[in-house]
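Pasting protein12.tsv here (TSV, C-alpha atoms):
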chain	number	residue	atom	x	y	z
A	1	MET	CA	-11.19	21.93	1.24
A	2	ASN	CA	-14.15	22.29	-1.09
A	3	GLY	CA	-14.57	18.55	-1.52
A	4	LEU	CA	-14.14	17.97	2.20
A	5	GLU	CA	-16.75	20.60	3.00
A	6	GLU	CA	-19.25	18.68	0.93
A	7	GLU	CA	-18.17	15.32	2.34
A	8	PHE	CA	-18.26	16.38	6.02
A	9	GLY	CA	-20.83	19.16	5.71
A	10	GLU	CA	-23.30	17.73	8.21
A	11	GLU	CA	-20.68	16.73	10.80
A	12	VAL	CA	-18.05	19.46	10.62
A	13	THR	CA	-18.18	23.23	10.59
A	14	PHE	CA	-15.64	24.75	8.22
A	15	LEU	CA	-14.53	28.31	8.81
A	16	ARG	CA	-12.35	30.14	6.31
A	17	LEU	CA	-10.47	33.21	7.48
A	18	ASN	CA	-8.22	35.67	5.74
A	19	ALA	CA	-4.90	35.63	7.63
A	20	ALA	CA	-4.14	39.15	6.37
A	21	ASP	CA	-7.26	40.57	8.03
A	22	PRO	CA	-6.26	42.12	11.38
A	23	GLU	CA	-9.64	41.13	12.83
A	24	ASN	CA	-8.55	37.48	12.65
A	25	GLY	CA	-5.28	37.98	14.54
A	26	LEU	CA	-6.52	36.88	17.94
A	27	LEU	CA	-8.10	33.74	16.53
A	28	GLN	CA	-4.87	32.90	14.72
A	29	GLN	CA	-2.89	33.37	17.93
A	30	THR	CA	-5.33	31.29	19.93
A	31	TYR	CA	-4.90	28.30	17.64
A	32	GLY	CA	-1.24	28.85	16.73
A	33	LEU	CA	-1.92	29.58	13.06
A	34	ARG	CA	0.29	31.66	10.84
A	35	GLY	CA	0.32	32.44	7.15
A	36	HIS	CA	-1.55	30.95	4.23
A	37	PRO	CA	-2.67	28.28	4.18
A	38	SER	CA	-2.95	27.19	7.79
A	39	VAL	CA	-5.46	24.67	9.04
A	40	ALA	CA	-6.52	23.79	12.56
A	41	ILE	CA	-8.81	20.87	13.23
A	42	LEU	CA	-10.60	21.24	16.54
A	43	ASP	CA	-12.33	18.59	18.57
A	44	ASP	CA	-15.83	19.03	19.96
A	45	GLU	CA	-14.42	20.83	23.01
A	46	GLY	CA	-12.46	23.34	20.93
A	47	ALA	CA	-9.02	21.82	21.55
A	48	VAL	CA	-6.61	21.61	18.61
A	49	ALA	CA	-6.55	18.01	17.38
A	50	ALA	CA	-4.31	18.74	14.38
A	51	ARG	CA	-2.57	21.78	12.92
A	52	TYR	CA	-1.07	22.20	9.46
A	53	PHE	CA	0.99	24.87	7.75
A	54	GLY	CA	1.14	24.89	3.98
A	55	PRO	CA	-0.86	22.90	1.45
A	56	GLN	CA	-2.14	19.48	2.55
A	57	THR	CA	-3.70	16.63	0.67
A	58	ALA	CA	-7.38	15.86	1.05
A	59	GLU	CA	-6.40	12.40	2.31
A	60	THR	CA	-4.36	13.85	5.18
A	61	LEU	CA	-7.12	16.23	6.25
A	62	ARG	CA	-9.81	13.57	5.80
A	63	ALA	CA	-7.96	11.15	8.10
A	64	ASP	CA	-7.72	13.74	10.89
A	65	LEU	CA	-11.31	14.84	10.45
A	66	ASN	CA	-12.45	11.22	10.70
A	67	ASP	CA	-10.38	10.76	13.86
A	68	VAL	CA	-12.04	13.76	15.47
A	69	ILE	CA	-15.64	12.93	14.61
A	70	ARG	CA	-15.49	9.23	15.41
Please render this file's structure as C-alpha coordinates.
Amino acid sequence: MNGLEEEFGEEVTFLRLNAADPENGLLQQTYGLRGHPSVAILDDEGAVAARYFGPQTAETLRADLNDVIR
(Lines of atoms letter the chains of each structure in order from A and count residues from 1; the text may use other names and numbers.)
(Lines give C-alpha, C1' and ligand atoms only; values in the text may rest on other atoms or scores of the structure.)
Protein backbone atom coordinates (compact mmCIF):
# COMPACT_ATOMS: atom_id res chain seq x y z
CA MET A 1 0.00 0.00 0.00
CA ASN A 2 2.84 2.39 0.71
CA GLY A 3 3.83 2.67 -2.93
CA LEU A 4 0.22 3.04 -3.99
CA GLU A 5 -0.35 5.79 -1.45
CA GLU A 6 2.44 7.77 -3.04
CA GLU A 7 1.29 6.97 -6.57
CA PHE A 8 -2.39 7.86 -6.00
CA GLY A 9 -1.90 10.34 -3.16
CA GLU A 10 -3.61 13.27 -4.86
CA GLU A 11 -6.54 11.26 -6.24
CA VAL A 12 -7.29 8.67 -3.55
CA THR A 13 -7.73 8.85 0.20
CA PHE A 14 -6.17 5.87 1.97
CA LEU A 15 -7.45 4.96 5.40
CA ARG A 16 -5.74 2.31 7.51
CA LEU A 17 -7.67 0.76 10.36
CA ASN A 18 -6.79 -1.79 12.99
CA ALA A 19 -9.33 -4.62 12.65
CA ALA A 20 -8.73 -5.59 16.28
CA ASP A 21 -9.85 -2.17 17.53
CA PRO A 22 -13.51 -2.41 18.61
CA GLU A 23 -14.06 1.19 17.50
CA ASN A 24 -13.64 0.04 13.89
CA GLY A 25 -16.24 -2.74 14.09
CA LEU A 26 -19.12 -0.81 12.57
CA LEU A 27 -17.01 0.39 9.67
CA GLN A 28 -15.84 -3.16 9.02
CA GLN A 29 -19.43 -4.40 9.04
CA THR A 30 -20.58 -1.61 6.75
CA TYR A 31 -18.06 -2.56 4.08
CA GLY A 32 -18.03 -6.32 4.68
CA LEU A 33 -14.43 -6.44 5.89
CA ARG A 34 -13.03 -9.04 8.20
CA GLY A 35 -9.56 -9.85 9.45
CA HIS A 36 -6.14 -8.67 8.39
CA PRO A 37 -5.51 -7.62 5.77
CA SER A 38 -8.79 -6.59 4.23
CA VAL A 39 -9.14 -3.89 1.60
CA ALA A 40 -12.20 -2.11 0.30
CA ILE A 41 -11.98 0.23 -2.65
CA LEU A 42 -14.85 2.69 -2.68
CA ASP A 43 -16.10 4.79 -5.55
CA ASP A 44 -16.75 8.51 -5.23
CA GLU A 45 -20.25 7.81 -3.87
CA GLY A 46 -18.97 5.48 -1.14
CA ALA A 47 -20.11 2.23 -2.78
CA VAL A 48 -17.76 -0.76 -2.65
CA ALA A 49 -16.11 -1.12 -6.06
CA ALA A 50 -13.78 -3.94 -4.98
CA ARG A 51 -13.14 -5.93 -1.81
CA TYR A 52 -10.16 -8.12 -0.97
CA PHE A 53 -9.30 -10.47 1.87
CA GLY A 54 -5.68 -11.42 2.37
CA PRO A 55 -2.55 -10.03 0.77
CA GLN A 56 -2.89 -8.59 -2.74
CA THR A 57 -0.36 -7.50 -5.30
CA ALA A 58 0.15 -3.84 -6.05
CA GLU A 59 -0.82 -4.56 -9.66
CA THR A 60 -4.22 -5.92 -8.63
CA LEU A 61 -4.98 -2.97 -6.37
CA ARG A 62 -3.62 -0.47 -8.91
CA ALA A 63 -5.93 -1.81 -11.63
CA ASP A 64 -9.01 -1.42 -9.43
CA LEU A 65 -7.96 2.01 -8.22
CA ASN A 66 -7.49 3.13 -11.82
CA ASP A 67 -10.94 1.78 -12.73
CA VAL A 68 -12.53 3.78 -9.93
CA ILE A 69 -10.81 7.11 -10.58
CA ARG A 70 -11.15 7.08 -14.35
Pick from A:Asn2, A:Ala20, A:Val48, A:Leu61: nearest to Arg34 of chain A, with all atoms listed in the file counted?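 Checking each of A:Asn2, A:Ala20, A:Val48, A:Leu61 against Arg34 of chain A, counting all atoms listed in the file, the winner is A:Ala20.
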Contacts of Leu17 of chain A at 10 Å (only C-alpha atoms; same-chain gap of 5+ positions) as an mmCIF file with C-alpha atoms, in the coordinates of the input:
data_model
loop_
_atom_site.group_PDB
_atom_site.id
_atom_site.type_symbol
_atom_site.label_atom_id
_atom_site.label_comp_id
_atom_site.auth_asym_id
_atom_site.auth_seq_id
_atom_site.Cartn_x
_atom_site.Cartn_y
_atom_site.Cartn_z
ATOM 1 C CA GLU A 23 -9.640 41.130 12.830
ATOM 2 C CA ASN A 24 -8.550 37.480 12.650
ATOM 3 C CA GLY A 25 -5.280 37.980 14.540
ATOM 4 C CA LEU A 27 -8.100 33.740 16.530
ATOM 5 C CA GLN A 28 -4.870 32.900 14.720
ATOM 6 C CA HIS A 36 -1.550 30.950 4.230
ATOM 7 C CA PRO A 37 -2.670 28.280 4.180
ATOM 8 C CA SER A 38 -2.950 27.190 7.790
#
Could you please give me, as a ChimeraX atom specification, the residues of protein, DNA or RNA lying at most 8 Å from (-2.9, 25.0, 13.0) in the coordinate frame of the file, considering all atoms listed in the file? /A:31-34,38-41,48,50-53
Those selected residues, please, written with C-alpha atoms and delivered as a CSV table (one decimal), keeping the file's coordinate frame.
chain,number,residue,atom,x,y,z
A,31,TYR,CA,-4.9,28.3,17.6
A,32,GLY,CA,-1.2,28.8,16.7
A,33,LEU,CA,-1.9,29.6,13.1
A,34,ARG,CA,0.3,31.7,10.8
A,38,SER,CA,-3.0,27.2,7.8
A,39,VAL,CA,-5.5,24.7,9.0
A,40,ALA,CA,-6.5,23.8,12.6
A,41,ILE,CA,-8.8,20.9,13.2
A,48,VAL,CA,-6.6,21.6,18.6
A,50,ALA,CA,-4.3,18.7,14.4
A,51,ARG,CA,-2.6,21.8,12.9
A,52,TYR,CA,-1.1,22.2,9.5
A,53,PHE,CA,1.0,24.9,7.8
Would you mind telling me which residue in A:Glu59, A:Asn18, A:Gln29, A:Ala49 lies nearest to Gly3 of chain A when using all atoms listed in the file? A:Glu59
Calculated over all atoms listed in the file, which of the candidates A:Pro22, A:Gly46, A:Arg16, A:Met1 has the smallest distance to Arg62 of chain A?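 The answer is A:Met1, which sits nearest to Arg62 of chain A.
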note - atom CA of Gly9 of chain A and atom CA of Thr30 of chain A are separated by 24.3 Å
Distance in Å - atom CA of Gln56 of chain A versus atom CA of Thr13 of chain A: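 Distance between the two atoms: 18.3 Å.
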Would you compute the distance between atom CA of Gly54 of chain A and atom CA of Glu11 of chain A? Give it in Å to one decimal.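 So the answer is 24.3 Å.
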Using only C-alpha atoms, which of the listed residues (A:Leu65, A:Pro55, A:Ala47, A:Gly35) sits closest to Phe14 of chain A?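 Selected residue with least distance to Phe14 of chain A: A:Leu65.
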Go through A:Val68, A:Leu15, A:Glu7, A:Asp21 one by one, measure the shortest atom-to-atom distance of each to Glu45 of chain A using all atoms listed in the file, and give the residue with the smallest value. A:Val68
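Minimum atom-to-atom distance to Ala58 of chain A, evaluated using all atoms listed in the file, belongs to A:Phe8 out of A:Arg70, A:Phe8, A:Leu26, A:Asp44.
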